[in-house]
Amino acid sequence: TSQAFLVLVAQIAMKSSSAKVMVAYGNFFRSSLGNGADTFLDHVLDEVIAGRHNALAAACARGGRVPKPVEIAAAAADLELIQRLCVSETTVLNWCRLAAKNASPGRVQPDSWLAAAGKLGAGGGVSFVVEKVEPPEDGNMGIGMGIGADVGKGTDAEAAAAAVAAGGGEGTAAAVLAPASAAARRALRQSIAQSWSWGQALPSLMKHWHDHGTG
């Protein structure tokens with residue numbers, strides 16, 4: 001789903017034809033329906049919490065050493081970038097509608113199509129404030145928030161890193177760690193979603209990976 005979203009954003013930013021934009025949206029729509037999450041935000045945060053292919057998450061799960069500052073800084077930067085990209089399905093649909101309308105030749109989707117597409121992401125999930133965002137002329141998707149988390153020396157992330165090293169022996173396998181309950185994952189997902197800067201949620205994520213592993 002995330003890859004389908006990025007392809008769609010690229011088609012809109014490149015001012016592709018209305019047909020290409022709608023094909024990309026169709027792929028995103030089908031992928032969203034099939035990923036098992038209520039909303040795109042839920043899907044993204046579930047992947048963040050799972051920590052697959054994440055060097056910092058793997059280090060926290062193994063324990064035995066203090067995660068390096070560069071690992072913490074990179075993870076925080078990734079979280080902030082993901083936050084900037086993670087918009088609601090309503091916003092994505094609005095981008096597509098405007099991109100198709102402004103393309104040459106232009107294309108206006110029927111009201112019935114818009115109504116059906118508008119139901120995507122309406123199944124609940126974590127809280128998300130929907131904003132109507134129009135893609136500017138320069139291709140910037142209007143998703144930057146001007147956020148920036150301080151995750152350097154002396155922060156909660158540093159304390160979490162020390163706790164990771166102290167809390168588990170070197171070589172501890174992530175597979176033997178007890179998985180988090182559905183309720184715990186849901187609470188963590190909600191906490192991240194409501195953070196002004198997702199980078200500030202990194203200490204909680206590090207503790208989760210240390211206690212429950214990745215996946």
# chains A, B, ... in the order shown; residues from 1 in each chain; ligands from 1
>>> residues_around(residues="range 14-21 of chain A", least_positions_apart="5", cutoff="8 Å", atoms="only C-alpha atoms", output="ChimeraX atom specification")
/A:8,96,99-101,103-107,139
>>> residues_around(residues="range 26-35 of chain A", least_positions_apart="4", cutoff="6 Å", atoms="only C-alpha atoms", output="JSON, numbers by chain")
{"A": [1, 4, 5]}
>>> write_last_selection(atoms="C-alpha atoms", output="mmCIF file, in the first residue's frame")
data_model
loop_
_atom_site.group_PDB
_atom_site.id
_atom_site.type_symbol
_atom_site.label_atom_id
_atom_site.label_comp_id
_atom_site.auth_asym_id
_atom_site.auth_seq_id
_atom_site.Cartn_x
_atom_site.Cartn_y
_atom_site.Cartn_z
ATOM 1 C CA THR A 1 0.000 0.000 0.000
ATOM 2 C CA ALA A 4 1.164 2.310 -4.338
ATOM 3 C CA PHE A 5 0.719 5.598 -2.460
#
>>> atom_distance(atom1="CA of Ala57 in chain A", atom2="CA of Ala178 in chain A")
15.2 Å
>>> residues_around(residues="Leu188 in chain A", least_positions_apart="4", cutoff="9 Å", atoms="only C-alpha atoms", output="PyMOL selection string")
chain A and resi 49+183-184+192-193+204-205+208
>>> closest_residue(among="A:Cys60, A:Ala73, A:Cys86, A:Leu93", to="His210 in chain A", atoms="only C-alpha atoms")
A:Cys60
>>> residues_around(residues="Glu47 in chain A", least_positions_apart="5", cutoff="12 Å", atoms="only C-alpha atoms", output="list in words")
Thr1, Ser2, Asn35, Ala37, Phe40, Leu41, Asp42, Arg52, His53, Asn54, Ala57, Leu79, Ile82, Arg185, Arg189, Leu205, Thr214 and Gly215 of chain A
>>> select_by_dssp(residues="range 48-119 of chain A", states="alpha helix (DSSP H)", output="VMD selection string")
chain A and resid 48 to 50 55 to 62 69 to 85 89 to 102 111 to 117
>>> write_last_selection(atoms="C-alpha atoms", output="mmCIF file, in the first residue's frame")
data_model
loop_
_atom_site.group_PDB
_atom_site.id
_atom_site.type_symbol
_atom_site.label_atom_id
_atom_site.label_comp_id
_atom_site.auth_asym_id
_atom_site.auth_seq_id
_atom_site.Cartn_x
_atom_site.Cartn_y
_atom_site.Cartn_z
ATOM 1 C CA VAL A 48 6.342 1.514 11.814
ATOM 2 C CA ILE A 49 5.577 -0.395 15.011
ATOM 3 C CA ALA A 50 6.488 -3.730 13.412
ATOM 4 C CA ALA A 55 18.308 -1.311 11.965
ATOM 5 C CA LEU A 56 17.399 0.543 15.164
ATOM 6 C CA ALA A 57 14.427 -1.739 15.854
ATOM 7 C CA ALA A 58 16.639 -4.798 15.364
ATOM 8 C CA ALA A 59 19.279 -3.373 17.715
ATOM 9 C CA CYS A 60 16.657 -2.647 20.385
ATOM 10 C CA ALA A 61 15.222 -6.155 20.064
ATOM 11 C CA ARG A 62 18.645 -7.794 20.442
ATOM 12 C CA PRO A 69 23.375 8.258 17.943
ATOM 13 C CA VAL A 70 23.350 8.013 14.157
ATOM 14 C CA GLU A 71 20.799 5.190 14.346
ATOM 15 C CA ILE A 72 18.550 7.251 16.617
ATOM 16 C CA ALA A 73 18.868 10.397 14.501
ATOM 17 C CA ALA A 74 18.162 8.499 11.275
ATOM 18 C CA ALA A 75 15.111 6.786 12.752
ATOM 19 C CA ALA A 76 13.710 10.092 14.043
ATOM 20 C CA ALA A 77 14.247 11.730 10.645
ATOM 21 C CA ASP A 78 12.497 8.806 8.946
ATOM 22 C CA LEU A 79 9.534 9.135 11.302
ATOM 23 C CA GLU A 80 9.173 12.829 10.542
ATOM 24 C CA LEU A 81 9.347 12.192 6.789
ATOM 25 C CA ILE A 82 6.709 9.469 7.062
ATOM 26 C CA GLN A 83 4.517 11.854 9.059
ATOM 27 C CA ARG A 84 4.726 14.470 6.315
ATOM 28 C CA LEU A 85 3.684 11.891 3.734
ATOM 29 C CA GLU A 89 -7.711 9.083 2.147
ATOM 30 C CA THR A 90 -9.957 12.127 1.753
ATOM 31 C CA THR A 91 -6.939 14.310 1.028
ATOM 32 C CA VAL A 92 -5.543 11.766 -1.442
ATOM 33 C CA LEU A 93 -8.873 11.652 -3.249
ATOM 34 C CA ASN A 94 -9.005 15.453 -3.378
ATOM 35 C CA TRP A 95 -5.500 15.557 -4.888
ATOM 36 C CA CYS A 96 -6.545 13.041 -7.550
ATOM 37 C CA ARG A 97 -9.749 14.898 -8.360
ATOM 38 C CA LEU A 98 -7.887 18.184 -8.833
ATOM 39 C CA ALA A 99 -5.020 16.592 -10.773
ATOM 40 C CA ALA A 100 -7.428 14.919 -13.194
ATOM 41 C CA LYS A 101 -9.484 18.086 -13.590
ATOM 42 C CA ASN A 102 -6.418 20.249 -14.297
ATOM 43 C CA ASP A 111 -20.382 12.061 -8.456
ATOM 44 C CA SER A 112 -21.140 8.361 -7.944
ATOM 45 C CA TRP A 113 -17.440 7.498 -8.374
ATOM 46 C CA LEU A 114 -16.403 10.232 -5.934
ATOM 47 C CA ALA A 115 -18.972 9.046 -3.408
ATOM 48 C CA ALA A 116 -17.745 5.460 -3.611
ATOM 49 C CA ALA A 117 -14.067 6.456 -3.413
#
>>> residues_around(residues="Ser191 in chain A", least_positions_apart="4", cutoff="12 Å", atoms="only C-alpha atoms", output="number ranges by chain")
A: 42, 45, 49, 126-128, 184-187, 195-205
>>> write_last_selection(atoms="N, CA, C and O atoms", output="tab-separated table (two decimals), in the first residue's frame")
chain	number	residue	atom	x	y	z
A	42	ASP	N	-3.52	3.85	9.76
A	42	ASP	CA	-3.36	2.64	10.56
A	42	ASP	C	-2.31	1.71	9.94
A	42	ASP	O	-1.47	1.15	10.64
A	45	LEU	N	1.27	3.16	10.42
A	45	LEU	CA	1.73	3.05	11.80
A	45	LEU	C	1.95	1.61	12.23
A	45	LEU	O	2.86	1.32	13.00
A	49	ILE	N	5.48	0.34	13.75
A	49	ILE	CA	5.58	-0.39	15.01
A	49	ILE	C	6.21	-1.76	14.81
A	49	ILE	O	6.99	-2.23	15.65
A	126	VAL	N	-7.33	5.05	14.05
A	126	VAL	CA	-6.84	6.07	14.97
A	126	VAL	C	-7.34	7.44	14.52
A	126	VAL	O	-7.75	7.64	13.39
A	127	SER	N	-7.31	8.38	15.44
A	127	SER	CA	-7.79	9.73	15.16
A	127	SER	C	-6.92	10.39	14.12
A	127	SER	O	-5.70	10.27	14.13
A	128	PHE	N	-7.55	11.11	13.20
A	128	PHE	CA	-6.80	11.80	12.17
A	128	PHE	C	-7.60	13.02	11.75
A	128	PHE	O	-8.77	12.92	11.45
A	184	ALA	N	-2.22	-3.13	23.27
A	184	ALA	CA	-0.99	-2.36	23.46
A	184	ALA	C	-0.53	-1.74	22.14
A	184	ALA	O	-0.10	-0.58	22.11
A	185	ARG	N	-0.63	-2.51	21.07
A	185	ARG	CA	-0.27	-1.96	19.75
A	185	ARG	C	-1.21	-0.81	19.37
A	185	ARG	O	-0.77	0.21	18.82
A	186	ARG	N	-2.48	-0.98	19.65
A	186	ARG	CA	-3.46	0.06	19.32
A	186	ARG	C	-3.16	1.34	20.12
A	186	ARG	O	-3.24	2.45	19.58
A	187	ALA	N	-2.82	1.19	21.39
A	187	ALA	CA	-2.51	2.35	22.22
A	187	ALA	C	-1.25	3.07	21.73
A	187	ALA	O	-1.20	4.31	21.69
A	195	SER	N	0.95	12.57	18.25
A	195	SER	CA	2.16	13.35	18.53
A	195	SER	C	2.31	14.46	17.49
A	195	SER	O	2.11	14.23	16.30
A	196	TRP	N	2.67	15.65	17.95
A	196	TRP	CA	2.91	16.74	17.00
A	196	TRP	C	4.04	16.38	16.06
A	196	TRP	O	3.99	16.63	14.86
A	197	SER	N	5.08	15.75	16.59
A	197	SER	CA	6.19	15.25	15.79
A	197	SER	C	6.38	13.78	16.09
A	197	SER	O	6.60	13.40	17.24
A	198	TRP	N	6.26	12.94	15.08
A	198	TRP	CA	6.40	11.50	15.31
A	198	TRP	C	7.78	11.14	15.80
A	198	TRP	O	7.95	10.12	16.48
A	199	GLY	N	8.77	11.95	15.51
A	199	GLY	CA	10.11	11.68	16.02
A	199	GLY	C	10.15	11.66	17.53
A	199	GLY	O	10.97	10.97	18.13
A	200	GLN	N	9.25	12.42	18.17
A	200	GLN	CA	9.22	12.46	19.63
A	200	GLN	C	8.66	11.17	20.22
A	200	GLN	O	8.78	10.94	21.42
A	201	ALA	N	8.05	10.34	19.37
A	201	ALA	CA	7.53	9.05	19.85
A	201	ALA	C	8.58	7.95	19.80
A	201	ALA	O	8.31	6.81	20.19
A	202	LEU	N	9.80	8.29	19.35
A	202	LEU	CA	10.83	7.27	19.20
A	202	LEU	C	11.17	6.54	20.50
A	202	LEU	O	11.35	5.31	20.47
A	203	PRO	N	11.26	7.20	21.65
A	203	PRO	CA	11.55	6.44	22.88
A	203	PRO	C	10.52	5.35	23.16
A	203	PRO	O	10.87	4.25	23.57
A	204	SER	N	9.24	5.65	22.93
A	204	SER	CA	8.20	4.63	23.13
A	204	SER	C	8.36	3.48	22.16
A	204	SER	O	8.16	2.31	22.52
A	205	LEU	N	8.72	3.80	20.92
A	205	LEU	CA	8.94	2.75	19.93
A	205	LEU	C	10.14	1.89	20.31
A	205	LEU	O	10.10	0.66	20.18
>>> atom_distance(atom1="CA of Gln194 in chain A", atom2="CA of Leu120 in chain A")
21.2 Å
>>> closest_residue(among="A:Gly118, A:Asp38, A:His212, A:Lys207", to="Pro179 in chain A", atoms="only C-alpha atoms")
A:His212
>>> decode(residues="range 185-201 of chain A", atoms="all heavy atoms", output="PDB file, in the first residue's frame")
ATOM      1  N   ARG A 185      -0.630  -2.506  21.067  1.00  0.00           N
ATOM      2  CA  ARG A 185      -0.271  -1.959  19.748  1.00  0.00           C
ATOM      3  C   ARG A 185      -1.210  -0.809  19.373  1.00  0.00           C
ATOM      4  O   ARG A 185      -0.767   0.208  18.820  1.00  0.00           O
ATOM      5  CB  ARG A 185      -0.336  -3.048  18.677  1.00  0.00           C
ATOM      6  CG  ARG A 185       0.860  -3.993  18.676  1.00  0.00           C
ATOM      7  CD  ARG A 185       0.695  -5.072  17.619  1.00  0.00           C
ATOM      8  NE  ARG A 185       1.870  -5.901  17.510  1.00  0.00           N
ATOM      9  CZ  ARG A 185       2.855  -5.718  16.630  1.00  0.00           C
ATOM     10  NH1 ARG A 185       2.777  -4.730  15.773  1.00  0.00           N
ATOM     11  NH2 ARG A 185       3.895  -6.529  16.604  1.00  0.00           N
ATOM     12  N   ARG A 186      -2.479  -0.977  19.650  1.00  0.00           N
ATOM     13  CA  ARG A 186      -3.458   0.061  19.325  1.00  0.00           C
ATOM     14  C   ARG A 186      -3.161   1.341  20.120  1.00  0.00           C
ATOM     15  O   ARG A 186      -3.241   2.450  19.575  1.00  0.00           O
ATOM     16  CB  ARG A 186      -4.857  -0.446  19.609  1.00  0.00           C
ATOM     17  CG  ARG A 186      -5.979   0.482  19.165  1.00  0.00           C
ATOM     18  CD  ARG A 186      -7.319  -0.238  19.103  1.00  0.00           C
ATOM     19  NE  ARG A 186      -7.637  -0.918  20.358  1.00  0.00           N
ATOM     20  CZ  ARG A 186      -7.665  -2.242  20.517  1.00  0.00           C
ATOM     21  NH1 ARG A 186      -7.386  -3.051  19.501  1.00  0.00           N
ATOM     22  NH2 ARG A 186      -7.977  -2.779  21.685  1.00  0.00           N
ATOM     23  N   ALA A 187      -2.819   1.193  21.394  1.00  0.00           N
ATOM     24  CA  ALA A 187      -2.505   2.355  22.222  1.00  0.00           C
ATOM     25  C   ALA A 187      -1.251   3.066  21.729  1.00  0.00           C
ATOM     26  O   ALA A 187      -1.199   4.308  21.695  1.00  0.00           O
ATOM     27  CB  ALA A 187      -2.333   1.923  23.681  1.00  0.00           C
ATOM     28  N   LEU A 188      -0.237   2.290  21.330  1.00  0.00           N
ATOM     29  CA  LEU A 188       0.998   2.893  20.818  1.00  0.00           C
ATOM     30  C   LEU A 188       0.724   3.606  19.500  1.00  0.00           C
ATOM     31  O   LEU A 188       1.228   4.711  19.263  1.00  0.00           O
ATOM     32  CB  LEU A 188       2.062   1.810  20.633  1.00  0.00           C
ATOM     33  CG  LEU A 188       3.421   2.268  20.091  1.00  0.00           C
ATOM     34  CD1 LEU A 188       4.010   3.382  20.952  1.00  0.00           C
ATOM     35  CD2 LEU A 188       4.387   1.077  20.009  1.00  0.00           C
ATOM     36  N   ARG A 189      -0.075   2.984  18.651  1.00  0.00           N
ATOM     37  CA  ARG A 189      -0.436   3.592  17.369  1.00  0.00           C
ATOM     38  C   ARG A 189      -1.147   4.927  17.589  1.00  0.00           C
ATOM     39  O   ARG A 189      -0.852   5.926  16.931  1.00  0.00           O
ATOM     40  CB  ARG A 189      -1.333   2.620  16.600  1.00  0.00           C
ATOM     41  CG  ARG A 189      -1.565   2.965  15.139  1.00  0.00           C
ATOM     42  CD  ARG A 189      -2.259   1.806  14.450  1.00  0.00           C
ATOM     43  NE  ARG A 189      -3.573   1.540  15.025  1.00  0.00           N
ATOM     44  CZ  ARG A 189      -4.240   0.410  14.861  1.00  0.00           C
ATOM     45  NH1 ARG A 189      -3.701  -0.593  14.171  1.00  0.00           N
ATOM     46  NH2 ARG A 189      -5.436   0.253  15.376  1.00  0.00           N
ATOM     47  N   GLN A 190      -2.072   4.951  18.539  1.00  0.00           N
ATOM     48  CA  GLN A 190      -2.802   6.170  18.842  1.00  0.00           C
ATOM     49  C   GLN A 190      -1.869   7.247  19.383  1.00  0.00           C
ATOM     50  O   GLN A 190      -1.978   8.429  19.030  1.00  0.00           O
ATOM     51  CB  GLN A 190      -3.898   5.874  19.859  1.00  0.00           C
ATOM     52  CG  GLN A 190      -4.858   7.030  20.120  1.00  0.00           C
ATOM     53  CD  GLN A 190      -5.881   7.192  19.021  1.00  0.00           C
ATOM     54  OE1 GLN A 190      -6.334   6.212  18.437  1.00  0.00           O
ATOM     55  NE2 GLN A 190      -6.245   8.419  18.717  1.00  0.00           N
ATOM     56  N   SER A 191      -0.936   6.836  20.234  1.00  0.00           N
ATOM     57  CA  SER A 191       0.002   7.785  20.822  1.00  0.00           C
ATOM     58  C   SER A 191       0.877   8.439  19.754  1.00  0.00           C
ATOM     59  O   SER A 191       1.103   9.651  19.772  1.00  0.00           O
ATOM     60  CB  SER A 191       0.873   7.061  21.856  1.00  0.00           C
ATOM     61  OG  SER A 191       1.874   7.914  22.362  1.00  0.00           O
ATOM     62  N   ILE A 192       1.364   7.636  18.814  1.00  0.00           N
ATOM     63  CA  ILE A 192       2.194   8.185  17.736  1.00  0.00           C
ATOM     64  C   ILE A 192       1.378   9.132  16.873  1.00  0.00           C
ATOM     65  O   ILE A 192       1.825  10.234  16.533  1.00  0.00           O
ATOM     66  CB  ILE A 192       2.785   7.055  16.881  1.00  0.00           C
ATOM     67  CG1 ILE A 192       3.687   6.142  17.715  1.00  0.00           C
ATOM     68  CG2 ILE A 192       3.586   7.639  15.709  1.00  0.00           C
ATOM     69  CD1 ILE A 192       4.099   4.873  16.994  1.00  0.00           C
ATOM     70  N   ALA A 193       0.167   8.704  16.503  1.00  0.00           N
ATOM     71  CA  ALA A 193      -0.670   9.502  15.611  1.00  0.00           C
ATOM     72  C   ALA A 193      -0.985  10.869  16.210  1.00  0.00           C
ATOM     73  O   ALA A 193      -1.125  11.854  15.479  1.00  0.00           O
ATOM     74  CB  ALA A 193      -1.965   8.753  15.303  1.00  0.00           C
ATOM     75  N   GLN A 194      -1.090  10.950  17.532  1.00  0.00           N
ATOM     76  CA  GLN A 194      -1.458  12.197  18.177  1.00  0.00           C
ATOM     77  C   GLN A 194      -0.248  13.049  18.562  1.00  0.00           C
ATOM     78  O   GLN A 194      -0.418  14.142  19.112  1.00  0.00           O
ATOM     79  CB  GLN A 194      -2.313  11.902  19.416  1.00  0.00           C
ATOM     80  CG  GLN A 194      -3.667  11.310  19.061  1.00  0.00           C
ATOM     81  CD  GLN A 194      -4.509  10.984  20.268  1.00  0.00           C
ATOM     82  OE1 GLN A 194      -3.999  10.910  21.389  1.00  0.00           O
ATOM     83  NE2 GLN A 194      -5.799  10.767  20.071  1.00  0.00           N
ATOM     84  N   SER A 195       0.955  12.568  18.254  1.00  0.00           N
ATOM     85  CA  SER A 195       2.164  13.351  18.532  1.00  0.00           C
ATOM     86  C   SER A 195       2.309  14.459  17.493  1.00  0.00           C
ATOM     87  O   SER A 195       2.107  14.227  16.299  1.00  0.00           O
ATOM     88  CB  SER A 195       3.402  12.455  18.480  1.00  0.00           C
ATOM     89  OG  SER A 195       3.363  11.453  19.473  1.00  0.00           O
ATOM     90  N   TRP A 196       2.671  15.653  17.948  1.00  0.00           N
ATOM     91  CA  TRP A 196       2.912  16.742  17.004  1.00  0.00           C
ATOM     92  C   TRP A 196       4.045  16.375  16.060  1.00  0.00           C
ATOM     93  O   TRP A 196       3.986  16.629  14.863  1.00  0.00           O
ATOM     94  CB  TRP A 196       3.240  18.021  17.756  1.00  0.00           C
ATOM     95  CG  TRP A 196       3.655  19.153  16.850  1.00  0.00           C
ATOM     96  CD1 TRP A 196       4.885  19.710  16.735  1.00  0.00           C
ATOM     97  CD2 TRP A 196       2.816  19.834  15.913  1.00  0.00           C
ATOM     98  NE1 TRP A 196       4.881  20.700  15.787  1.00  0.00           N
ATOM     99  CE2 TRP A 196       3.618  20.798  15.270  1.00  0.00           C
ATOM    100  CE3 TRP A 196       1.480  19.717  15.550  1.00  0.00           C
ATOM    101  CZ2 TRP A 196       3.119  21.661  14.285  1.00  0.00           C
ATOM    102  CZ3 TRP A 196       0.982  20.573  14.568  1.00  0.00           C
ATOM    103  CH2 TRP A 196       1.796  21.526  13.949  1.00  0.00           C
ATOM    104  N   SER A 197       5.078  15.752  16.592  1.00  0.00           N
ATOM    105  CA  SER A 197       6.188  15.251  15.786  1.00  0.00           C
ATOM    106  C   SER A 197       6.376  13.775  16.093  1.00  0.00           C
ATOM    107  O   SER A 197       6.603  13.403  17.237  1.00  0.00           O
ATOM    108  CB  SER A 197       7.482  16.015  16.108  1.00  0.00           C
ATOM    109  OG  SER A 197       8.598  15.371  15.521  1.00  0.00           O
ATOM    110  N   TRP A 198       6.259  12.936  15.078  1.00  0.00           N
ATOM    111  CA  TRP A 198       6.396  11.501  15.308  1.00  0.00           C
ATOM    112  C   TRP A 198       7.779  11.139  15.804  1.00  0.00           C
ATOM    113  O   TRP A 198       7.954  10.120  16.475  1.00  0.00           O
ATOM    114  CB  TRP A 198       6.083  10.739  14.026  1.00  0.00           C
ATOM    115  CG  TRP A 198       4.621  10.721  13.688  1.00  0.00           C
ATOM    116  CD1 TRP A 198       3.623  11.418  14.315  1.00  0.00           C
ATOM    117  CD2 TRP A 198       3.992   9.978  12.643  1.00  0.00           C
ATOM    118  NE1 TRP A 198       2.410  11.162  13.727  1.00  0.00           N
ATOM    119  CE2 TRP A 198       2.601  10.288  12.701  1.00  0.00           C
ATOM    120  CE3 TRP A 198       4.457   9.104  11.669  1.00  0.00           C
ATOM    121  CZ2 TRP A 198       1.693   9.726  11.801  1.00  0.00           C
ATOM    122  CZ3 TRP A 198       3.550   8.551  10.778  1.00  0.00           C
ATOM    123  CH2 TRP A 198       2.182   8.856  10.849  1.00  0.00           C
ATOM    124  N   GLY A 199       8.767  11.951  15.509  1.00  0.00           N
ATOM    125  CA  GLY A 199      10.107  11.682  16.016  1.00  0.00           C
ATOM    126  C   GLY A 199      10.152  11.665  17.526  1.00  0.00           C
ATOM    127  O   GLY A 199      10.970  10.974  18.134  1.00  0.00           O
ATOM    128  N   GLN A 200       9.253  12.418  18.166  1.00  0.00           N
ATOM    129  CA  GLN A 200       9.218  12.456  19.628  1.00  0.00           C
ATOM    130  C   GLN A 200       8.659  11.168  20.221  1.00  0.00           C
ATOM    131  O   GLN A 200       8.783  10.937  21.421  1.00  0.00           O
ATOM    132  CB  GLN A 200       8.375  13.652  20.082  1.00  0.00           C
ATOM    133  CG  GLN A 200       9.007  14.990  19.727  1.00  0.00           C
ATOM    134  CD  GLN A 200       8.096  16.166  20.010  1.00  0.00           C
ATOM    135  OE1 GLN A 200       6.917  15.989  20.315  1.00  0.00           O
ATOM    136  NE2 GLN A 200       8.639  17.371  19.915  1.00  0.00           N
ATOM    137  N   ALA A 201       8.046  10.336  19.375  1.00  0.00           N
ATOM    138  CA  ALA A 201       7.529   9.050  19.850  1.00  0.00           C
ATOM    139  C   ALA A 201       8.582   7.951  19.801  1.00  0.00           C
ATOM    140  O   ALA A 201       8.306   6.813  20.189  1.00  0.00           O
ATOM    141  CB  ALA A 201       6.328   8.633  19.003  1.00  0.00           C
TER     142      ALA A 201
END
